[in-house]
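Novice: Below is query22.txt; it holds compact mmCIF, C-alpha atoms.
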```
# COMPACT_ATOMS: atom_id res chain seq x y z
CA MET I 89 168.08 205.13 125.89
CA PHE I 90 165.49 205.15 123.14
CA ASP I 91 164.11 207.13 120.22
CA ILE I 92 161.36 209.16 121.89
CA LYS I 93 159.30 209.04 118.68
CA ASP I 94 159.41 205.24 118.78
CA ILE I 95 158.11 205.25 122.35
CA LYS I 96 155.24 207.49 121.23
CA ASN I 97 154.40 205.24 118.28
CA ARG I 98 154.75 201.96 120.20
CA LYS I 99 153.85 202.95 123.73
CA GLU I 100 151.96 199.72 124.47
CA TYR I 101 154.94 197.62 123.36
CA TYR I 102 157.27 199.50 125.70
CA GLN I 103 154.77 199.15 128.53
CA GLN I 104 154.63 195.39 127.96
CA CYS I 105 158.44 195.16 128.02
CA PHE I 106 158.70 197.16 131.24
CA ALA I 107 155.91 195.06 132.77
CA LYS I 108 157.96 191.90 132.07
CA ARG I 109 160.78 193.52 134.00
CA GLU I 110 158.34 194.59 136.75
CA TYR I 111 159.58 198.12 136.18
CA GLU I 112 157.00 200.76 136.96
CA VAL I 113 157.02 203.95 134.95
CA ASP I 114 154.36 206.46 133.90
CA LEU I 115 155.04 206.79 130.17
CA ASP I 116 152.14 209.20 129.69
CA LYS I 117 153.69 211.56 132.23
CA MET I 118 157.11 211.22 130.63
CA LEU I 119 155.76 211.94 127.14
CA ALA I 120 153.78 214.91 128.44
CA LEU I 121 156.95 216.32 129.99
CA TYR I 122 158.75 215.86 126.68
CA ASP I 123 156.01 217.67 124.75
CA LYS I 124 156.01 220.47 127.31
CA THR I 125 159.78 220.81 126.98
CA ILE I 126 159.48 221.13 123.20
CA LYS I 127 156.65 223.67 123.53
CA LEU I 128 158.62 225.79 126.00
CA LYS I 129 161.67 225.62 123.75
CA GLN I 130 159.62 226.89 120.82
CA GLU I 131 158.16 229.72 122.91
CA GLU I 132 161.64 230.55 124.15
CA GLU I 133 163.05 230.70 120.62
CA THR I 134 160.14 232.87 119.42
CA LEU I 135 160.63 235.26 122.30
CA LEU I 136 164.38 235.40 121.79
CA ALA I 137 163.80 236.27 118.14
CA GLN I 138 161.44 239.07 119.24
CA LYS I 139 164.02 240.19 121.80
CA ASN I 140 166.77 240.35 119.17
CA LYS I 141 164.49 242.26 116.82
CA GLY I 142 163.55 244.65 119.63
CA ALA I 143 167.19 245.18 120.50
CA LYS I 144 167.94 246.25 116.93
CA GLU I 145 164.92 248.59 116.89
CA PHE I 146 166.08 250.01 120.21
CA GLU I 147 169.60 250.73 118.89
CA ILE I 148 168.25 252.37 115.72
CA ALA I 149 165.81 254.58 117.68
CA LYS I 150 168.57 255.52 120.12
CA ARG I 151 170.92 256.55 117.29
CA ASN I 152 168.11 258.62 115.69
CA GLY I 153 167.41 260.43 118.94
CA GLU I 154 163.86 259.03 119.16
CA ASP I 155 161.92 258.30 122.36
CA ILE I 156 163.19 254.87 123.46
CA SER I 157 161.28 254.47 126.74
CA LYS I 158 158.60 252.16 125.31
CA LEU I 159 161.12 250.08 123.35
CA GLN I 160 163.31 249.88 126.44
CA GLU I 161 160.41 248.62 128.57
CA LYS I 162 159.39 246.09 125.93
CA LEU I 163 162.98 244.84 125.71
CA ARG I 164 163.15 244.54 129.49
CA LYS I 165 159.92 242.52 129.64
CA ASN I 166 161.01 240.23 126.78
CA THR I 167 164.36 239.65 128.48
CA GLN I 168 162.66 238.84 131.78
CA ARG I 169 160.11 236.53 130.17
CA ALA I 170 162.83 234.75 128.17
CA ALA I 171 164.74 234.09 131.39
CA GLU I 172 161.57 232.73 133.02
CA LEU I 173 160.90 230.43 130.05
CA THR I 174 164.47 229.14 130.12
CA LYS I 175 164.24 228.41 133.83
CA GLU I 176 160.90 226.63 133.40
CA ARG I 177 162.14 224.63 130.40
CA LEU I 178 165.25 223.46 132.23
CA LYS I 179 163.15 222.40 135.21
CA VAL I 180 160.71 220.41 133.04
CA ALA I 181 163.59 218.92 131.01
CA GLU I 182 165.31 217.82 134.20
CA GLU I 183 162.13 216.05 135.33
CA PHE I 184 161.82 214.38 131.91
CA ASN I 185 165.49 213.31 131.87
CA LYS I 186 165.18 211.81 135.33
CA ILE I 187 162.53 209.41 134.02
CA PHE I 188 163.82 208.94 130.47
CA PHE I 189 167.47 208.17 131.20
CA ALA I 190 166.51 205.78 133.98
CA LEU I 191 164.39 203.61 131.67
CA PRO I 192 165.66 200.02 131.38
CA ASN I 193 166.09 198.30 128.06
CA ILE I 194 163.24 196.62 126.23
CA VAL I 195 163.26 192.81 126.31
CA THR I 196 163.15 190.05 123.71
CA ASP I 197 159.80 188.43 122.98
CA ASN I 198 160.86 185.12 124.55
CA THR I 199 161.82 186.73 127.87
CA PRO I 200 159.88 185.24 130.82
CA ALA I 201 158.00 187.83 132.86
CA GLY I 202 158.73 188.39 136.52
CA LYS I 203 161.77 188.10 138.73
CA LYS I 204 164.33 185.46 139.70
CA GLU I 205 161.78 182.85 140.71
CA ASN I 206 160.61 182.73 137.07
CA ASN I 207 164.05 181.98 135.63
CA VAL I 208 164.07 178.90 133.41
CA VAL I 209 166.73 176.15 133.46
CA LEU I 210 167.43 175.37 129.80
CA ARG I 211 169.97 172.57 130.14
CA GLU I 212 172.66 171.07 132.35
CA TYR I 213 176.17 169.91 131.59
CA LYS I 214 177.44 166.73 133.27
CA GLU I 215 175.93 165.30 136.44
CA LYS I 216 176.32 166.68 139.94
CA PRO I 217 179.53 165.36 141.47
CA LYS I 218 179.07 162.48 143.93
CA PHE I 219 181.54 161.59 146.66
CA ASP I 220 182.14 158.34 148.51
CA PHE I 221 183.74 160.34 151.33
CA LYS I 222 182.75 163.37 153.38
CA PRO I 223 183.63 166.29 151.09
CA LYS I 224 185.17 169.49 152.37
CA THR I 225 184.01 173.02 151.70
CA HIS I 226 186.16 175.26 149.53
CA ILE I 227 186.92 177.24 152.69
CA GLN I 228 188.39 174.16 154.34
CA LEU I 229 190.28 173.17 151.22
CA CYS I 230 191.73 176.67 150.80
CA GLN I 231 192.90 176.72 154.40
CA ASP I 232 194.22 173.14 154.48
CA LEU I 233 196.14 173.56 151.21
CA GLY I 234 197.30 177.11 151.94
CA LEU I 235 195.61 178.55 148.85
CA ILE I 236 193.84 181.54 150.38
CA ASP I 237 194.79 183.74 153.33
CA TYR I 238 191.47 185.01 154.66
CA ASP I 239 192.66 186.37 158.00
CA ARG I 240 195.41 188.64 156.67
CA ALA I 241 193.09 189.84 153.88
CA VAL I 242 190.59 190.98 156.51
CA LYS I 243 193.41 192.55 158.50
CA ILE I 244 194.67 194.69 155.62
CA ALA I 245 191.46 195.27 153.64
CA GLY I 246 188.42 194.31 155.76
CA GLU I 247 185.62 191.79 155.33
CA GLY I 248 184.74 190.60 151.83
CA ASN I 249 188.35 190.33 150.69
CA TRP I 250 190.85 187.49 150.29
CA ILE I 251 194.49 186.92 149.35
CA TYR I 252 195.49 184.23 146.86
CA THR I 253 198.75 182.75 148.00
CA GLY I 254 201.21 180.09 146.77
CA LEU I 255 199.46 177.51 144.62
CA GLY I 256 196.23 179.44 145.11
CA ALA I 257 197.68 182.47 143.34
CA ARG I 258 199.05 180.23 140.61
CA LEU I 259 195.67 178.50 140.17
CA GLU I 260 193.92 181.87 139.87
CA TRP I 261 196.46 183.03 137.29
CA ALA I 262 196.17 179.72 135.42
CA ILE I 263 192.40 180.14 135.06
CA LEU I 264 192.86 183.67 133.74
CA ASN I 265 195.58 182.63 131.30
CA PHE I 266 193.49 179.72 130.06
CA CYS I 267 190.57 182.10 129.31
CA ILE I 268 192.87 184.61 127.62
CA ASP I 269 194.38 181.94 125.35
CA GLU I 270 190.93 180.64 124.44
CA HIS I 271 189.68 184.08 123.40
CA LEU I 272 192.86 184.89 121.47
CA ALA I 273 192.45 181.65 119.55
CA ASP I 274 188.90 182.73 118.67
CA GLY I 275 190.15 185.96 117.11
CA PHE I 276 189.08 188.38 119.84
CA GLU I 277 191.28 191.44 120.46
CA PHE I 278 192.83 191.63 123.95
CA LYS I 279 192.47 194.88 125.92
CA LEU I 280 194.07 195.86 129.22
CA LEU I 281 191.86 198.65 130.49
CA PRO I 282 192.04 201.48 133.02
CA HIS I 283 190.48 200.52 136.35
CA ILE I 284 189.18 204.03 137.03
CA LEU I 285 186.47 205.27 134.68
CA LYS I 286 184.60 208.51 134.05
CA TYR I 287 180.93 208.81 134.98
CA GLU I 288 180.03 208.82 131.28
CA CYS I 289 181.13 205.19 131.04
CA GLY I 290 178.64 204.09 133.68
CA PHE I 291 175.93 206.09 131.94
CA GLY I 292 176.83 204.71 128.52
CA ALA I 293 176.71 201.12 129.73
CA GLY I 294 173.24 201.74 131.18
CA GLN I 295 174.37 201.24 134.78
CA PHE I 296 174.00 204.92 135.76
CA PRO I 297 172.07 206.73 137.06
CA LYS I 298 170.01 203.78 138.31
CA PHE I 299 172.78 201.86 140.11
CA GLU I 300 175.28 204.52 141.11
CA ASN I 301 175.14 203.32 144.73
CA GLU I 302 176.53 199.90 143.77
CA ASP I 303 179.91 201.23 142.60
CA TYR I 304 182.89 202.75 144.37
CA PHE I 305 183.32 206.43 143.50
CA ILE I 306 186.68 208.15 143.89
CA ASP I 307 187.10 211.14 146.21
CA LYS I 308 185.60 213.97 144.16
CA LYS I 309 188.36 216.31 145.34
CA PHE I 310 190.79 214.49 143.07
CA LEU I 311 188.72 212.82 140.33
CA PRO I 312 185.18 214.24 140.16
CA ASN I 313 182.61 211.58 139.22
CA ASN I 314 185.20 208.89 138.51
CA PHE I 315 184.58 205.38 139.81
CA LEU I 316 186.27 201.99 140.07
CA LEU I 317 185.46 199.68 137.16
CA PRO I 318 182.71 197.19 138.16
CA THR I 319 183.16 195.01 135.05
CA ALA I 320 185.20 195.31 131.85
CA GLU I 321 181.95 195.65 129.90
CA THR I 322 181.54 199.17 131.31
CA ALA I 323 184.77 200.24 129.61
CA LEU I 324 184.56 198.09 126.48
CA VAL I 325 181.14 199.38 125.35
CA ASN I 326 182.49 202.94 125.67
CA LEU I 327 185.61 202.45 123.55
CA HIS I 328 183.93 203.88 120.44
CA ARG I 329 181.80 206.51 122.15
CA ASP I 330 181.00 209.42 119.80
CA GLU I 331 182.54 207.54 116.87
CA VAL I 332 181.11 206.54 113.49
CA LEU I 333 182.45 203.13 112.47
CA LYS I 334 182.49 201.86 108.90
CA GLU I 335 180.26 198.94 108.04
CA GLU I 336 183.24 196.86 106.91
CA GLU I 337 184.88 197.33 110.35
CA LEU I 338 182.14 195.31 112.07
CA PRO I 339 181.95 193.08 113.92
CA LYS I 340 184.46 194.30 116.48
CA LYS I 341 185.32 191.61 119.02
CA TYR I 342 187.08 192.54 122.23
CA PHE I 343 187.92 190.87 125.51
CA ALA I 344 189.60 192.12 128.65
CA TYR I 345 190.94 190.85 131.93
CA THR I 346 190.27 193.18 134.86
CA PRO I 347 189.75 193.13 138.57
CA CYS I 348 186.15 194.19 139.24
CA PHE I 349 185.06 196.39 142.14
CA ARG I 350 181.50 196.32 143.50
CA ILE I 351 179.81 197.24 146.73
CA GLU I 352 178.55 193.95 148.14
CA ALA I 353 176.37 193.45 151.20
CA GLY I 354 177.97 190.03 151.58
CA SER I 355 176.71 187.23 153.77
CA ASN I 356 177.34 186.01 157.28
CA ARG I 357 177.03 182.37 156.22
CA PRO I 358 180.31 180.55 156.83
CA GLU I 359 180.18 178.80 153.45
CA GLU I 360 180.39 182.20 151.74
CA LYS I 361 183.34 183.44 153.72
CA GLY I 362 185.48 185.64 151.55
CA MET I 363 185.01 184.36 147.99
CA ILE I 364 181.53 183.92 146.55
CA ARG I 365 180.65 187.57 147.15
CA GLY I 366 183.44 190.10 147.50
CA HIS I 367 184.31 193.73 146.94
CA GLN I 368 187.02 192.81 144.41
CA PHE I 369 187.25 189.84 142.07
CA ASN I 370 188.86 188.92 138.75
CA LYS I 371 186.96 188.45 135.52
CA VAL I 372 187.54 188.01 131.79
CA GLU I 373 184.84 189.72 129.71
CA MET I 374 183.93 189.60 126.01
CA VAL I 375 182.11 192.35 124.08
CA GLU I 376 181.01 192.53 120.45
CA TYR I 377 179.93 195.53 118.35
CA VAL I 378 177.76 194.30 115.47
CA LEU I 379 175.28 195.34 112.81
CA ALA I 380 171.64 194.91 113.79
CA GLU I 381 171.19 191.93 111.45
CA ASP I 382 174.26 190.23 112.98
CA ASN I 383 172.90 190.34 116.52
CA GLN I 384 171.67 186.72 116.71
CA ARG I 385 174.89 185.35 115.21
CA ALA I 386 176.95 187.19 117.80
CA TRP I 387 174.66 186.00 120.60
CA GLU I 388 175.08 182.36 119.61
CA GLU I 389 178.85 182.82 119.28
CA LEU I 390 179.28 184.37 122.74
CA LEU I 391 177.01 181.78 124.33
CA ALA I 392 178.99 178.92 122.79
CA LYS I 393 182.33 180.44 123.86
CA ALA I 394 181.21 181.04 127.44
CA GLU I 395 179.86 177.50 127.77
CA ARG I 396 182.96 176.00 126.18
CA ILE I 397 185.20 177.55 128.84
CA VAL I 398 183.32 175.83 131.66
CA GLN I 399 182.99 172.61 129.70
CA LYS I 400 186.75 172.45 129.08
CA LEU I 401 187.24 172.88 132.81
CA GLY I 402 185.06 169.79 133.22
CA LEU I 403 182.64 171.39 135.67
CA HIS I 404 178.98 170.63 136.23
CA TYR I 405 176.80 173.67 135.50
CA ARG I 406 173.39 174.67 134.26
CA LEU I 407 172.32 177.23 131.66
CA VAL I 408 169.52 179.51 132.87
CA GLN I 409 167.29 181.88 130.92
CA LEU I 410 166.64 184.87 133.15
CA ALA I 411 163.26 186.47 133.63
CA GLY I 412 162.94 190.16 132.74
CA GLY I 413 162.99 191.31 136.35
CA ASP I 414 166.37 189.63 136.86
CA TYR I 415 168.08 191.37 133.93
CA ALA I 416 170.74 194.03 134.29
CA HIS I 417 169.23 197.44 133.52
CA GLY I 418 170.73 197.78 130.05
CA MET I 419 170.15 194.25 128.78
CA ALA I 420 167.38 193.00 126.48
CA GLN I 421 168.14 189.31 127.02
CA THR I 422 170.37 187.43 129.45
CA TRP I 423 171.21 183.79 129.98
CA ASP I 424 173.41 182.78 132.91
CA ILE I 425 175.87 179.94 133.30
CA GLU I 426 175.48 178.83 136.90
CA ILE I 427 178.15 176.66 138.48
CA TYR I 428 177.37 174.12 141.18
CA ILE I 429 179.03 174.51 144.60
CA PRO I 430 178.52 171.15 146.41
CA SER I 431 179.01 172.41 149.98
CA MET I 432 176.37 175.08 149.46
CA ASN I 433 174.11 172.72 147.49
CA ARG I 434 173.26 175.53 145.12
CA TYR I 435 174.23 177.11 141.82
CA THR I 436 175.88 180.48 141.46
CA GLU I 437 176.40 182.56 138.33
CA VAL I 438 179.87 182.57 136.77
CA SER I 439 179.00 184.03 133.38
CA SER I 440 176.19 186.13 131.92
CA ILE I 441 175.58 186.25 128.19
CA SER I 442 173.60 189.35 127.26
CA MET I 443 172.42 191.39 124.31
CA ALA I 444 171.64 195.09 124.56
CA PHE I 445 170.38 195.86 121.03
CA ASP I 446 171.17 199.58 120.45
CA TYR I 447 170.43 200.66 124.05
CA GLN I 448 174.08 201.20 124.96
CA SER I 449 175.15 202.62 121.61
CA ARG I 450 172.45 205.30 121.80
CA ARG I 451 173.79 206.31 125.21
CA THR I 452 177.38 206.32 123.92
CA ASN I 453 176.48 207.71 120.48
CA THR I 454 178.27 204.87 118.70
CA ARG I 455 177.11 204.57 115.10
CA VAL I 456 177.96 202.79 111.91
CA LEU I 457 178.13 204.28 108.41
CA ARG I 458 176.40 201.91 106.02
CA LYS I 459 177.68 201.43 102.50
CA ASP I 460 174.53 203.15 101.19
CA GLY I 461 175.32 206.25 103.28
CA ARG I 462 172.86 205.66 106.14
CA LYS I 463 174.05 206.05 109.74
CA GLU I 464 172.69 203.65 112.33
CA TYR I 465 173.40 202.78 115.92
CA VAL I 466 175.41 199.60 116.37
CA HIS I 467 174.28 196.70 118.54
CA THR I 468 176.34 195.52 121.50
CA LEU I 469 176.56 192.17 123.28
CA ASN I 470 178.65 190.93 126.15
CA ALA I 471 179.56 187.70 127.92
CA SER I 472 181.74 186.90 130.88
CA GLY I 473 184.58 184.66 129.85
CA ILE I 474 184.58 183.72 133.50
CA ALA I 475 184.31 185.20 137.00
CA THR I 476 187.15 183.41 138.78
CA SER I 477 185.99 184.00 142.35
CA ARG I 478 183.26 181.40 141.76
CA ILE I 479 185.06 179.09 139.35
CA PHE I 480 187.95 178.79 141.84
CA PRO I 481 185.81 177.29 144.66
CA ALA I 482 183.87 175.17 142.15
CA ILE I 483 187.09 173.58 140.90
CA LEU I 484 188.25 172.87 144.45
CA GLU I 485 184.97 171.30 145.53
CA GLN I 486 184.12 169.38 142.36
CA TYR I 487 187.69 168.04 141.89
CA GLN I 488 188.52 167.25 145.52
CA ASN I 489 189.80 163.82 146.55
CA ALA I 490 189.33 161.70 149.66
CA ASP I 491 192.88 162.43 150.87
CA GLY I 492 192.22 166.20 150.92
CA THR I 493 194.04 166.93 147.66
CA VAL I 494 192.49 168.48 144.57
CA THR I 495 192.97 167.18 141.05
CA VAL I 496 193.85 169.95 138.58
CA PRO I 497 191.59 170.11 135.49
CA ASP I 498 193.51 168.86 132.45
CA VAL I 499 193.38 172.20 130.62
CA LEU I 500 195.06 173.97 133.55
CA VAL I 501 197.93 171.50 133.99
CA PRO I 502 200.16 173.22 131.37
CA TYR I 503 199.82 176.48 133.27
CA LEU I 504 200.23 175.11 136.79
CA LYS I 505 202.89 172.53 135.90
CA CYS I 506 201.29 170.09 138.31
CA LYS I 507 198.35 167.67 138.26
CA VAL I 508 197.37 167.80 141.93
CA LEU I 509 197.07 170.54 144.56
CA LYS I 510 198.43 169.18 147.81
```
Could you write out this structure as structure tokens?
Specialist:
Amino acid sequence: MFDIKDIKNRKEYYQQCFAKREYEVDLDKMLALYDKTIKLKQEEETLLAQKNKGAKEFEIAKRNGEDISKLQEKLRKNTQRAAELTKERLKVAEEFNKIFFALPNIVTDNTPAGKKENNVVLREYKEKPKFDFKPKTHIQLCQDLGLIDYDRAVKIAGEGNWIYTGLGARLEWAILNFCIDEHLADGFEFKLLPHILKYECGFGAGQFPKFENEDYFIDKKFLPNNFLLPTAETALVNLHRDEVLKEEELPKKYFAYTPCFRIEAGSNRPEEKGMIRGHQFNKVEMVEYVLAEDNQRAWEELLAKAERIVQKLGLHYRLVQLAGGDYAHGMAQTWDIEIYIPSMNRYTEVSSISMAFDYQSRRTNTRVLRKDGRKEYVHTLNASGIATSRIFPAILEQYQNADGTVTVPDVLVPYLKCKVLK
């Protein structure tokens, strides 16, 4: 969400940003609808004032026994016209809101234009793993080592689900605990969040109304407009909705572990069976609330923390700067950490580091009171500590041995109490 006056004053800038995202919108139409709404509102208020004045004149004339027929007719016409103006204004405002609230965020100047094919690889960490034996897929490793039960997951929950079992469950929990300990050591505050959120949270995060069809909504008979949390960010950026924070309170640094629920089309490819894309997966997410001038510092901090997690796990990955058309709707800049899955011979995102400027805080009405008395919207940033459903297979495939076992990354040994999965 934006300041409509700023869009008017810098219309070409906004058009350039939306063009980088390949987002088509008629700003002239939107601004015309806004102006019409304001004009109708003014006419409505003028007419209501006349109506109120006429009502008083009518009551006085009635008490004095005067002829009230003309005043009565005038009052009737003003009442009717006021109702017509209100109806028209609401209709125009609805058309304006449909365009305005669906606008994506602006983008940073260094954002590449276009979609995924224009993403830029910035750097890589470590070399691709090489094997002197025929490596297994993570599917084979999970089945051979009894880490994942795919068949029973499908039986009880359907396609796109899996069950961690035995050492597999312990490995998943070890990854999560490792991330939690890392973020606690960095001074972030741990949150355990509700998994069912109100519609306002999706709107505040910038995910609704554009992407309502990608989330699971609860039966409206019981919880109208509530939905299953798709990422902890959706909740974390709403924690201070309708609040005014003090300048000395910022930055606020939060992280949360949650399961995440998303509608996924999935894939029929055997190498993606069950894990790479699923309806439910675990993730640790970081969010910062900062002053505008602290935005770049927070960005660099979150980027470093997200990379450090994967580096400590000893995994080969690449850092990718996304093009505007590949951004989430509410983000102004996003870089992805993409992990390498050898059996698929491709990279897949395990963490996104994003800045939203004041886009989300305008939608959540989260402000900061400056020491000089000014109130401003805060800036928000987020980064995935890790999405385990992709780190898990990456660990198995990159750390596998010729005898079918998997070496446990050093940082996970204290949690698993073993050095090899066998």
Novice: Show me the residues around (192.2, 165.0, 152.8) - criterion: an atom at most 10 Å away, only C-alpha atoms counted - as a PyMOL selection string.
Specialist: chain I and resi 221-224+229+232-233+488-494+510
Novice: Would you work out the distance separating CA of Leu280 (chain I) from CA of Tyr345 (chain I), expressed in Å to one decimal?
Specialist: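 For CA of Leu280 (chain I) relative to CA of Tyr345 (chain I), the distance reads 6.5 Å.
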Novice: List the neighbours of Ile479 (chain I) out to 9 Å using only C-alpha atoms; skip same-chain residues closer than 3 positions along the sequence, and give me the result as a PyMOL selection string.
Specialist: chain I and resi 263+398+403+427+438+474-476+482-484
Novice: Restricting the output to C-alpha atoms, write the selected residues as a compact mmCIF listing (two decimals), in the frame of the given file.
Specialist:
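Printed below is result.txt as written:
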```txt
# COMPACT_ATOMS: atom_id res chain seq x y z
CA ILE I 263 192.40 180.14 135.06
CA VAL I 398 183.32 175.83 131.66
CA LEU I 403 182.64 171.39 135.67
CA ILE I 427 178.15 176.66 138.48
CA VAL I 438 179.87 182.57 136.77
CA ILE I 474 184.58 183.72 133.50
CA ALA I 475 184.31 185.20 137.00
CA THR I 476 187.15 183.41 138.78
CA ALA I 482 183.87 175.17 142.15
CA ILE I 483 187.09 173.58 140.90
CA LEU I 484 188.25 172.87 144.45
```
Novice: Tell me, as a ChimeraX atom specification, which residues lie within 10 Å of Ala416 (chain I), counting all atoms listed in the file; anything in the same chain fewer than 6 positions away does not count.
Specialist: /I:109,192-193,294-295,299,422,440,442,444
Novice: Which one is closest to Ser439 (chain I): I:Gly473, I:Gly461, I:Gly412, I:Gly234? Count all atoms listed in the file.
Specialist: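 Ranking I:Gly473, I:Gly461, I:Gly412, I:Gly234 by distance to Ser439 (chain I), first place goes to I:Gly473.
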Novice: Just to confirm, what's the straight-line distance from CA of Ala386 (chain I) to CA of Leu324 (chain I) in Å (one decimal)?
Specialist: 15.9 Å
Novice: What's around Val195 (chain I) at 10 Å? Count only C-alpha atoms, leave out sequence neighbours fewer than 3 positions away in its own chain, and write the answer as number ranges by chain.
Specialist: I: 102, 104-106, 108-109, 192, 198-201, 411-412, 415, 418-422, 443-445
Novice: Restricting the calculation to only C-alpha atoms: of I:Gln486, I:Asn185, I:Gln228, I:Gln168, which residue gets closest to Met118 (chain I)?
Specialist: I:Asn185
Novice: Neighbouring residues of Tyr487 (chain I) were defined as those with any atom within 8 Å, considering only C-alpha atoms; residues of the same chain fewer than 6 positions away were excluded. Please report them as an mmCIF file with C-alpha atoms, in the frame of the given file.
Specialist:
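File result.cif, as written:
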```
data_model
loop_
_atom_site.group_PDB
_atom_site.id
_atom_site.type_symbol
_atom_site.label_atom_id
_atom_site.label_comp_id
_atom_site.auth_asym_id
_atom_site.auth_seq_id
_atom_site.Cartn_x
_atom_site.Cartn_y
_atom_site.Cartn_z
ATOM 1 C CA VAL I 494 192.490 168.480 144.570
ATOM 2 C CA THR I 495 192.970 167.180 141.050
ATOM 3 C CA VAL I 496 193.850 169.950 138.580
ATOM 4 C CA PRO I 497 191.590 170.110 135.490
#
```
Novice: Within 10 Å of (195.7, 185.6, 149.4), all atoms listed in the file: residues as JSON, numbers by chain?
Specialist: {"I": [230, 234, 235, 236, 237, 238, 239, 240, 241, 249, 250, 251, 252, 253, 254, 256, 257]}
Novice: Taking all atoms listed in the file into account, name the residue in I:Ala181, I:Ala137, I:Ala143, I:Ile425 that is nearest to Glu212 (chain I).
Specialist: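 The shortest atom-to-atom distance to Glu212 (chain I) comes from I:Ile425.
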